[in-house]
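The structure file entry07.tsv is reproduced below (TSV, C-alpha atoms).
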```
chain	number	residue	atom	x	y	z
S	1	MET	CA	33.82	-41.37	-103.35
S	2	LYS	CA	33.63	-44.22	-105.80
S	3	TYR	CA	34.21	-46.72	-102.98
S	4	ILE	CA	30.67	-46.02	-101.76
S	5	PHE	CA	29.27	-47.05	-105.10
S	6	ASP	CA	31.62	-50.04	-105.32
S	7	LEU	CA	30.70	-51.24	-101.86
S	8	HIS	CA	27.04	-50.89	-102.65
S	9	GLN	CA	27.51	-52.79	-105.94
S	10	THR	CA	29.36	-55.57	-104.15
S	11	MET	CA	26.60	-55.86	-101.58
S	12	LEU	CA	23.99	-56.08	-104.30
S	13	GLU	CA	25.99	-58.61	-106.33
S	14	GLN	CA	26.58	-60.80	-103.29
S	15	ASN	CA	22.96	-60.35	-102.13
S	16	LEU	CA	24.15	-59.07	-98.76
S	17	ILE	CA	21.34	-57.77	-96.59
S	18	LEU	CA	23.54	-56.84	-93.65
S	19	VAL	CA	27.24	-56.11	-93.21
S	20	TYR	CA	28.83	-55.15	-89.91
S	21	GLU	CA	32.48	-54.37	-89.40
S	22	GLY	CA	34.00	-53.30	-86.11
S	23	GLU	CA	34.10	-54.22	-82.48
S	24	PHE	CA	31.94	-57.14	-81.38
S	25	THR	CA	30.17	-57.06	-78.02
S	26	GLN	CA	26.99	-58.51	-76.57
S	27	GLU	CA	25.24	-55.19	-77.23
S	28	ILE	CA	26.31	-55.22	-80.88
S	29	THR	CA	25.21	-58.86	-81.12
S	30	LYS	CA	21.74	-57.90	-79.91
S	31	SER	CA	21.52	-55.03	-82.40
S	32	VAL	CA	22.63	-57.15	-85.34
S	33	LEU	CA	20.16	-59.87	-84.36
S	34	ALA	CA	17.35	-57.34	-84.06
S	35	MET	CA	18.10	-55.90	-87.51
S	36	ALA	CA	18.28	-59.31	-89.14
S	37	GLU	CA	15.06	-60.38	-87.44
S	38	ARG	CA	13.28	-57.26	-88.61
S	39	ASN	CA	14.49	-57.86	-92.14
S	40	MET	CA	13.21	-61.44	-92.10
S	41	ASP	CA	9.91	-60.37	-90.52
S	42	SER	CA	9.27	-57.68	-93.09
S	43	SER	CA	9.98	-60.08	-95.94
S	44	GLY	CA	7.56	-62.56	-94.38
S	45	GLU	CA	10.14	-65.31	-93.91
S	46	GLU	CA	8.86	-68.63	-92.61
S	47	SER	CA	9.24	-68.94	-88.85
S	48	SER	CA	11.16	-72.22	-88.91
S	49	ILE	CA	13.78	-70.73	-91.25
S	50	LYS	CA	13.91	-67.52	-89.22
S	51	ARG	CA	14.65	-69.53	-86.11
S	52	LYS	CA	17.46	-71.44	-87.79
S	53	VAL	CA	19.05	-68.27	-89.14
S	54	PHE	CA	18.75	-66.62	-85.72
S	55	ASN	CA	20.31	-69.65	-84.10
S	56	VAL	CA	23.32	-69.78	-86.40
S	57	MET	CA	23.79	-65.99	-86.13
S	58	VAL	CA	23.88	-66.08	-82.33
S	59	GLU	CA	26.54	-68.78	-82.18
S	60	CYS	CA	28.59	-67.09	-84.87
S	61	LEU	CA	28.41	-63.63	-83.24
S	62	GLN	CA	29.02	-64.87	-79.71
S	63	ASN	CA	32.00	-66.89	-80.91
S	64	ILE	CA	33.56	-63.67	-82.16
S	65	VAL	CA	32.69	-61.77	-78.97
S	66	LYS	CA	34.25	-64.46	-76.80
S	67	HIS	CA	37.44	-64.83	-78.77
S	68	ALA	CA	38.02	-61.26	-79.91
S	69	ASP	CA	40.58	-60.64	-77.17
S	70	ASP	CA	42.75	-63.51	-78.27
S	71	VAL	CA	44.67	-61.34	-80.72
S	72	GLU	CA	46.65	-58.32	-79.66
S	73	HIS	CA	46.55	-55.99	-82.61
S	74	ASN	CA	43.18	-55.97	-84.22
S	75	HIS	CA	39.97	-56.65	-82.39
S	76	SER	CA	37.69	-55.80	-85.24
S	77	ALA	CA	35.89	-58.44	-87.22
S	78	VAL	CA	33.32	-58.65	-89.96
S	79	PHE	CA	29.91	-60.27	-90.06
S	80	MET	CA	27.56	-60.55	-93.04
S	81	ILE	CA	24.22	-62.02	-93.92
S	82	GLY	CA	23.38	-62.85	-97.50
S	83	LYS	CA	19.97	-63.76	-98.77
S	84	GLN	CA	19.44	-65.59	-102.01
S	85	ASP	CA	16.35	-67.16	-103.49
S	86	ASN	CA	17.20	-70.57	-102.14
S	87	GLU	CA	19.33	-69.90	-99.04
S	88	TYR	CA	20.61	-67.57	-96.37
S	89	ILE	CA	24.37	-67.22	-96.00
S	90	ILE	CA	25.95	-66.28	-92.68
S	91	VAL	CA	29.57	-65.26	-92.97
S	92	SER	CA	32.08	-64.06	-90.42
S	93	GLY	CA	35.74	-63.12	-90.52
S	94	ASN	CA	37.93	-62.44	-87.54
S	95	PRO	CA	41.61	-62.45	-86.69
S	96	ILE	CA	42.89	-65.30	-84.55
S	97	LYS	CA	46.32	-66.29	-83.33
S	98	ARG	CA	48.13	-68.45	-85.84
S	99	ASP	CA	48.81	-71.16	-83.27
S	100	LYS	CA	45.05	-71.62	-82.88
S	101	VAL	CA	44.59	-72.51	-86.55
S	102	ASP	CA	45.40	-76.23	-86.39
S	103	GLY	CA	43.13	-76.87	-83.44
S	104	LEU	CA	40.28	-74.99	-85.02
S	105	LYS	CA	40.78	-76.75	-88.33
S	106	SER	CA	40.66	-80.21	-86.84
S	107	LYS	CA	37.55	-79.31	-84.85
S	108	LEU	CA	35.77	-78.05	-87.97
S	109	ASP	CA	36.94	-81.03	-90.05
S	110	GLN	CA	35.67	-83.40	-87.39
S	111	ILE	CA	32.27	-81.68	-87.40
S	112	ASN	CA	32.13	-81.69	-91.20
S	113	SER	CA	32.90	-85.41	-91.30
S	114	LEU	CA	29.80	-86.26	-89.26
S	115	ASP	CA	26.24	-86.86	-90.39
S	116	LYS	CA	23.10	-85.81	-88.50
S	117	ASP	CA	23.29	-88.63	-85.96
S	118	GLY	CA	27.04	-88.22	-85.54
S	119	LEU	CA	26.57	-84.54	-84.73
S	120	LYS	CA	23.87	-85.36	-82.23
S	121	THR	CA	26.16	-87.85	-80.49
S	122	LEU	CA	29.01	-85.34	-80.45
S	123	TYR	CA	26.71	-82.65	-79.04
S	124	LYS	CA	25.52	-84.88	-76.22
S	125	ASP	CA	29.04	-86.00	-75.50
S	126	ILE	CA	30.33	-82.42	-75.20
S	127	ILE	CA	27.41	-81.13	-73.15
S	128	LYS	CA	27.77	-83.99	-70.67
S	129	ASN	CA	31.52	-83.87	-70.26
S	130	THR	CA	32.60	-80.28	-70.74
S	131	GLU	CA	32.58	-77.43	-68.28
S	132	ILE	CA	31.90	-73.86	-69.35
S	133	SER	CA	35.25	-72.29	-70.28
S	134	ASP	CA	36.56	-69.11	-68.66
S	135	LYS	CA	35.45	-67.36	-71.82
S	136	GLY	CA	31.91	-68.56	-71.17
S	137	GLY	CA	31.71	-70.98	-74.06
S	138	ALA	CA	30.40	-74.52	-73.89
S	139	GLY	CA	32.46	-75.72	-76.87
S	140	LEU	CA	29.20	-76.44	-78.67
S	141	GLY	CA	28.90	-73.46	-81.00
S	142	PHE	CA	30.22	-74.98	-84.24
S	143	VAL	CA	28.44	-78.27	-83.62
S	144	ASP	CA	25.18	-76.41	-83.14
S	145	MET	CA	25.74	-74.30	-86.24
S	146	ALA	CA	26.26	-77.46	-88.30
S	147	ARG	CA	23.21	-79.12	-86.81
S	148	LYS	CA	20.87	-76.18	-87.23
S	149	SER	CA	22.01	-75.32	-90.74
S	150	GLY	CA	22.05	-78.94	-91.87
S	151	ARG	CA	25.04	-78.09	-94.06
S	152	LYS	CA	28.80	-78.33	-93.84
S	153	LEU	CA	30.67	-75.37	-92.36
S	154	GLU	CA	32.89	-73.79	-94.97
S	155	TYR	CA	36.05	-72.15	-93.72
S	156	GLU	CA	39.35	-70.65	-94.76
S	157	PHE	CA	42.34	-69.26	-92.89
S	158	LEU	CA	44.24	-66.37	-94.46
S	159	ASP	CA	47.65	-65.20	-93.31
S	160	MET	CA	47.72	-61.63	-92.04
S	161	GLU	CA	50.73	-59.35	-92.16
S	162	ASP	CA	51.01	-58.95	-88.41
S	163	GLY	CA	51.43	-62.72	-87.98
S	164	ASP	CA	47.85	-63.52	-87.05
S	165	SER	CA	45.41	-65.48	-89.19
S	166	PHE	CA	42.10	-64.32	-90.52
S	167	PHE	CA	39.42	-66.93	-89.91
S	168	CYS	CA	36.60	-66.93	-92.46
S	169	LEU	CA	33.55	-69.01	-91.71
S	170	LYS	CA	30.46	-69.55	-93.83
S	171	SER	CA	27.23	-71.32	-92.99
S	172	SER	CA	24.18	-71.57	-95.17
S	173	ILE	CA	20.56	-72.29	-94.42
S	174	ALA	CA	18.16	-73.55	-97.06
S	175	ARG	CA	15.06	-71.45	-97.64
S	176	VAL	CA	12.88	-74.28	-98.87
F	177	MET	CA	11.25	-69.62	-49.03
F	178	GLU	CA	12.13	-66.55	-51.03
F	179	ILE	CA	10.69	-66.18	-54.52
F	180	LEU	CA	13.10	-65.81	-57.42
F	181	ASN	CA	11.49	-63.59	-60.00
F	182	LEU	CA	13.43	-62.25	-62.99
F	183	GLU	CA	11.82	-60.26	-65.76
F	184	GLY	CA	12.69	-61.52	-69.22
F	185	THR	CA	14.78	-59.35	-71.55
F	186	GLU	CA	15.75	-59.66	-75.19
F	187	ASP	CA	18.66	-61.90	-74.22
F	188	THR	CA	17.66	-63.42	-70.88
F	189	PRO	CA	14.64	-65.55	-70.00
F	190	LYS	CA	11.86	-64.80	-67.57
F	191	ILE	CA	12.29	-66.86	-64.43
F	192	ILE	CA	9.81	-67.49	-61.64
F	193	LEU	CA	10.66	-69.91	-58.87
F	194	ASP	CA	7.94	-69.76	-56.23
F	195	LYS	CA	7.70	-72.65	-53.81
F	196	GLY	CA	4.61	-71.31	-52.00
F	197	ASN	CA	2.51	-71.09	-55.13
F	198	GLY	CA	4.12	-74.07	-56.80
F	199	ILE	CA	5.31	-72.08	-59.82
F	200	PHE	CA	8.60	-73.07	-61.42
F	201	GLU	CA	9.12	-71.52	-64.80
F	202	ILE	CA	11.88	-70.57	-67.22
F	203	SER	CA	10.59	-68.99	-70.42
F	204	GLY	CA	11.55	-66.79	-73.33
F	205	ARG	CA	14.98	-66.29	-74.84
F	206	SER	CA	18.27	-67.27	-73.31
F	207	LEU	CA	21.47	-65.95	-74.82
F	208	PRO	CA	23.12	-64.02	-72.01
F	209	GLU	CA	26.67	-62.83	-72.35
F	210	ASP	CA	27.70	-64.90	-69.33
F	211	SER	CA	25.35	-67.84	-68.98
F	212	ALA	CA	27.13	-69.31	-65.94
F	213	GLU	CA	26.70	-66.05	-64.03
F	214	PHE	CA	23.10	-65.64	-65.15
F	215	TYR	CA	22.01	-69.12	-64.05
F	216	GLN	CA	23.91	-69.17	-60.75
F	217	PRO	CA	20.97	-67.72	-58.73
F	218	VAL	CA	18.72	-70.40	-60.24
F	219	LEU	CA	21.11	-73.16	-59.22
F	220	ASP	CA	21.46	-71.64	-55.75
F	221	TRP	CA	17.67	-71.43	-55.41
F	222	ILE	CA	17.22	-75.07	-56.42
F	223	GLU	CA	19.88	-76.17	-53.95
F	224	GLU	CA	18.02	-74.40	-51.16
F	225	TYR	CA	14.68	-75.77	-52.37
F	226	SER	CA	16.01	-79.32	-52.46
F	227	LYS	CA	16.36	-79.25	-48.67
F	228	ALA	CA	12.58	-79.03	-48.26
F	229	PRO	CA	10.84	-79.46	-51.62
F	230	ASN	CA	7.12	-79.63	-52.30
F	231	GLY	CA	5.65	-83.11	-52.79
F	232	ASN	CA	5.24	-82.31	-56.46
F	233	THR	CA	7.37	-79.99	-58.57
F	234	ASP	CA	6.15	-79.31	-62.09
F	235	PHE	CA	9.07	-77.40	-63.56
F	236	MET	CA	8.21	-75.65	-66.78
F	237	PHE	CA	10.59	-74.77	-69.61
F	238	LYS	CA	8.93	-72.67	-72.27
F	239	LEU	CA	11.87	-71.42	-74.25
F	240	GLU	CA	11.63	-69.73	-77.57
F	241	TYR	CA	15.37	-69.86	-78.10
F	242	PHE	CA	18.54	-70.68	-76.16
F	243	ASN	CA	22.19	-70.56	-77.17
F	244	THR	CA	24.69	-73.35	-76.63
F	245	ALA	CA	26.23	-71.80	-73.51
F	246	SER	CA	22.72	-71.71	-72.01
F	247	SER	CA	22.10	-75.31	-73.00
F	248	LYS	CA	24.98	-76.37	-70.80
F	249	LEU	CA	23.47	-74.44	-67.89
F	250	ILE	CA	19.98	-75.83	-68.57
F	251	LEU	CA	21.53	-79.28	-68.21
F	252	ASP	CA	23.03	-78.15	-64.89
F	253	VAL	CA	19.58	-76.98	-63.76
F	254	LEU	CA	18.07	-80.32	-64.77
F	255	SER	CA	20.85	-82.21	-63.02
F	256	ALA	CA	20.19	-80.23	-59.84
F	257	LEU	CA	16.47	-81.11	-60.11
F	258	GLU	CA	17.31	-84.77	-60.65
F	259	ASP	CA	18.08	-85.24	-56.96
F	260	ILE	CA	14.66	-83.99	-55.86
F	261	ASP	CA	11.73	-86.40	-55.53
F	262	GLY	CA	8.52	-85.64	-57.38
F	263	VAL	CA	9.97	-83.46	-60.12
F	264	ASN	CA	8.30	-83.37	-63.53
F	265	ILE	CA	9.63	-81.38	-66.43
F	266	LEU	CA	7.06	-79.71	-68.63
F	267	TRP	CA	8.88	-78.98	-71.86
F	268	TYR	CA	6.98	-76.56	-74.08
F	269	PHE	CA	7.81	-75.97	-77.71
F	270	HIS	CA	6.10	-74.04	-80.46
F	271	GLU	CA	4.15	-76.49	-82.58
F	272	ASP	CA	6.31	-75.95	-85.66
F	273	ASP	CA	9.61	-75.82	-83.75
F	274	GLU	CA	11.13	-79.24	-84.29
F	275	ASP	CA	14.53	-78.12	-83.06
F	276	MET	CA	13.11	-77.12	-79.67
F	277	GLU	CA	11.23	-80.41	-79.45
F	278	GLU	CA	14.41	-82.32	-80.27
F	279	ALA	CA	16.38	-80.28	-77.73
F	280	GLY	CA	13.88	-81.32	-75.06
F	281	GLU	CA	14.16	-84.95	-76.10
F	282	GLU	CA	17.93	-84.78	-75.86
F	283	PHE	CA	17.80	-83.28	-72.38
F	284	SER	CA	15.34	-85.99	-71.35
F	285	GLU	CA	17.88	-88.60	-72.45
F	286	LEU	CA	20.61	-86.98	-70.36
F	287	VAL	CA	18.80	-86.89	-67.01
F	288	GLU	CA	16.60	-89.27	-65.08
F	289	ILE	CA	13.52	-87.08	-64.74
F	290	PRO	CA	10.13	-87.58	-66.37
F	291	PHE	CA	9.52	-85.13	-69.22
F	292	GLU	CA	6.12	-84.14	-70.49
F	293	PHE	CA	6.10	-82.48	-73.92
F	294	LYS	CA	3.57	-79.78	-74.70
F	295	THR	CA	3.05	-77.50	-77.66
F	296	TYR	CA	1.93	-73.89	-77.60
```
Take the structure in this file and express it as structure tokens.
Amino acid sequence: MKYIFDLHQTMLEQNLILVYEGEFTQEITKSVLAMAERNMDSSGEESSIKRKVFNVMVECLQNIVKHADDVEHNHSAVFMIGKQDNEYIIVSGNPIKRDKVDGLKSKLDQINSLDKDGLKTLYKDIIKNTEISDKGGAGLGFVDMARKSGRKLEYEFLDMEDGDSFFCLKSSIARV
Amino acid sequence: MEILNLEGTEDTPKIILDKGNGIFEISGRSLPEDSAEFYQPVLDWIEEYSKAPNGNTDFMFKLEYFNTASSKLILDVLSALEDIDGVNILWYFHEDDEDMEEAGEEFSELVEIPFEFKTY
């Protein structure tokens, strides 16, 4: 049963306050949000920071919910929140089809290349000209995450054995 | 005209659209699983209302939070209101919520309706 200890150690070392692995649905999203909110409330987090963390969490979680069906084999994903003295970290990992990688990459690179005003312009451009997709997304999630966090979105794609890719995404929100 | 009255939940806003009493309000949190489906009755109601609107329509948004899929639908709601004479948007934001204030400003730049900004 050493893995229990190891997992606990890892969580402590990485300052993880919440880890969820499994199926992602709207109901799960609401539960995770409620837990994270309670954690921030009980630690007396400032409301403006709480709102930003909540915001980034919603977009991150709903992204996974909307795109979980894209891959055939493995619908489970992972979501984590880390809390350090100076920042919150919101991390997700989920399998995606390998042919989606390039498109996703260029979207994220585009977002990361923009400053505050550039992101605002992109946001307004997308909201004006894009219809809600059949998955229910507005195509604004990443842009909003970058705007609300005020930081670049860090990402990595890892090859999985079944031919899919594992999409890791990390956002951080300053606590000062 | 029929009143549209939806109780707010943890992921959907409270909505009251009441022509008789002149109450038009969307408030709370908006992060429904399917935002297009959730806002359809609102858009339908506004379409009906636009056929015989009140002289003045003070439409209040008092949102604590909305996700990006909702923001697209809020723009659709605003666009539907744009065609009605005498519409004013009352955009409420918590006094320390700059993001909500900015969101209101951005919407006001996207539609031709007067916005009034208020804090709570």
Write out as a tab-separated table a residue-level contact list of chain F versus chain S with cut-off 8 Å: for each qualifying residue the closest pair of atoms and the distance in Å to one decimal, counting all atoms listed in the file, rows sorted by chain and residue number upward.
```
residue	atom	partner	partner_atom	distance
F:Glu186	CA	S:Lys30	CA	7.8
F:Asp187	CA	S:Lys30	CA	7.6
F:Leu207	CA	S:Val58	CA	7.9
F:Glu209	CA	S:Gln26	CA	6.0
F:Asp210	CA	S:Gly136	CA	5.9
F:Ser211	CA	S:Gly136	CA	7.0
F:Ala212	CA	S:Gly136	CA	7.1
F:Tyr241	CA	S:Asn55	CA	7.8
F:Asn243	CA	S:Glu59	CA	6.9
F:Thr244	CA	S:Leu140	CA	5.8
F:Ala245	CA	S:Ala138	CA	5.0
F:Ser247	CA	S:Ile127	CA	7.9
F:Lys248	CA	S:Ile127	CA	5.8
F:Leu251	CA	S:Ile127	CA	7.9
F:Asp272	CA	S:Ser48	CA	6.9
F:Asp273	CA	S:Ser48	CA	6.5
F:Asp275	CA	S:Lys148	CA	7.8
F:Glu282	CA	S:Lys124	CA	7.6
F:Leu286	CA	S:Lys128	CA	7.8
```
Export of the given selection (C-alpha atoms) as a JSON list (two decimals), in the coordinates of the input:
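What landed in selection_24.json:
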```json
[["chain", "number", "residue", "atom", "x", "y", "z"],
["F", 186, "GLU", "CA", 15.75, -59.66, -75.19],
["F", 187, "ASP", "CA", 18.66, -61.90, -74.22],
["F", 207, "LEU", "CA", 21.47, -65.95, -74.82],
["F", 209, "GLU", "CA", 26.67, -62.83, -72.35],
["F", 210, "ASP", "CA", 27.70, -64.90, -69.33],
["F", 211, "SER", "CA", 25.35, -67.84, -68.98],
["F", 212, "ALA", "CA", 27.13, -69.31, -65.94],
["F", 241, "TYR", "CA", 15.37, -69.86, -78.10],
["F", 243, "ASN", "CA", 22.19, -70.56, -77.17],
["F", 244, "THR", "CA", 24.69, -73.35, -76.63],
["F", 245, "ALA", "CA", 26.23, -71.80, -73.51],
["F", 247, "SER", "CA", 22.10, -75.31, -73.00],
["F", 248, "LYS", "CA", 24.98, -76.37, -70.80],
["F", 251, "LEU", "CA", 21.53, -79.28, -68.21],
["F", 272, "ASP", "CA", 6.31, -75.95, -85.66],
["F", 273, "ASP", "CA", 9.61, -75.82, -83.75],
["F", 275, "ASP", "CA", 14.53, -78.12, -83.06],
["F", 282, "GLU", "CA", 17.93, -84.78, -75.86],
["F", 286, "LEU", "CA", 20.61, -86.98, -70.36]]
```
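Around Gly82 (chain S), within 9 Å and counting only C-alpha atoms, the residues found are Met11, Gln14, Asn15, Leu16, Ile17, Leu18, Val19, Glu87, Tyr88, Ile89, Ile90 and Val91 of chain S, once anything fewer than 5 positions away on its own chain is removed.
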Using all atoms listed in the file - which residues lie no farther than 6 Å from the point (6.8, -79.2, -78.8) in the file's frame? Write them as a list in words.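 Within the cut-off we find Tyr268, Phe269, His270, Glu271, Glu277, Phe293, Lys294 and Thr295 of chain F.
Here CA of Ser31 (chain S) is placed at a distance of 12.5 Å from CA of Phe79 (chain S).
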Considering only C-alpha atoms, state which residue in the set S:Ser76, S:Gln110, S:Ser92, S:Asn63 is at the smallest distance from Leu169 (chain S).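 Residue with the minimum atom-to-atom distance to Leu169 (chain S): S:Ser92.
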Which distance in Å separates CA of Asp99 (chain S) and CA of Glu161 (chain S), to one decimal?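 For CA of Asp99 (chain S) relative to CA of Glu161 (chain S), the distance reads 14.9 Å.
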Taking all atoms of region 130-149 of chain S that appear in the file, build a box with edges along x, y and z, extend it by 3 Å on every side, and state its centre and edge lengths in Å to one decimal, as lines of an AutoDock Vina configuration file.
```
center_x = 28.7
center_y = -73.8
center_z = -79.5
size_x = 21.7
size_y = 18.9
size_z = 28.5
```
Using only C-alpha atoms, find the one residue out of S:Leu7, S:Leu158, S:Ile81, S:Leu12 that sits nearest to Ile173 (chain S).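 The closest residue to Ile173 (chain S) is S:Ile81.
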Surrounding residues of Ile192 (chain F) excluding itself and chain neighbours under 4 positions, 8 Å, all atoms listed in the file, as a ChimeraX atom specification: /F:179-182,199-202
Please provide as a PyMOL selection string all residues within 9 Å of Val218 (chain F), with the sequence filter that same-chain residues fewer than 2 positions apart are discarded (counting all atoms listed in the file). chain F and resi 180+191+193+214-216+220-223+253
Please indicate the distance in Å from CA of Ala77 (chain S) to CA of Cys60 (chain S), rounded to one decimal place.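 Computing the Euclidean distance for CA of Ala77 (chain S) and CA of Cys60 (chain S) yields 11.6 Å.
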Among the residues F:Glu240, F:Glu178, F:Glu292, F:Asp234, the one that comes closest to Trp267 (chain F) [using all atoms listed in the file]: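 The shortest atom-to-atom distance to Trp267 (chain F) comes from F:Glu292.
Comparing S:Arg98, S:Leu119, S:Val71, S:Arg151 by their smallest distance to Gly163 (chain S), the closest is S:Arg98 (using only C-alpha atoms).
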Calculated over only C-alpha atoms, which of the candidates S:Asp159, S:Tyr20, S:Ile111, S:Arg175 has the smallest distance to Met40 (chain S)?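 For Met40 (chain S), the nearest of the candidates is S:Arg175.
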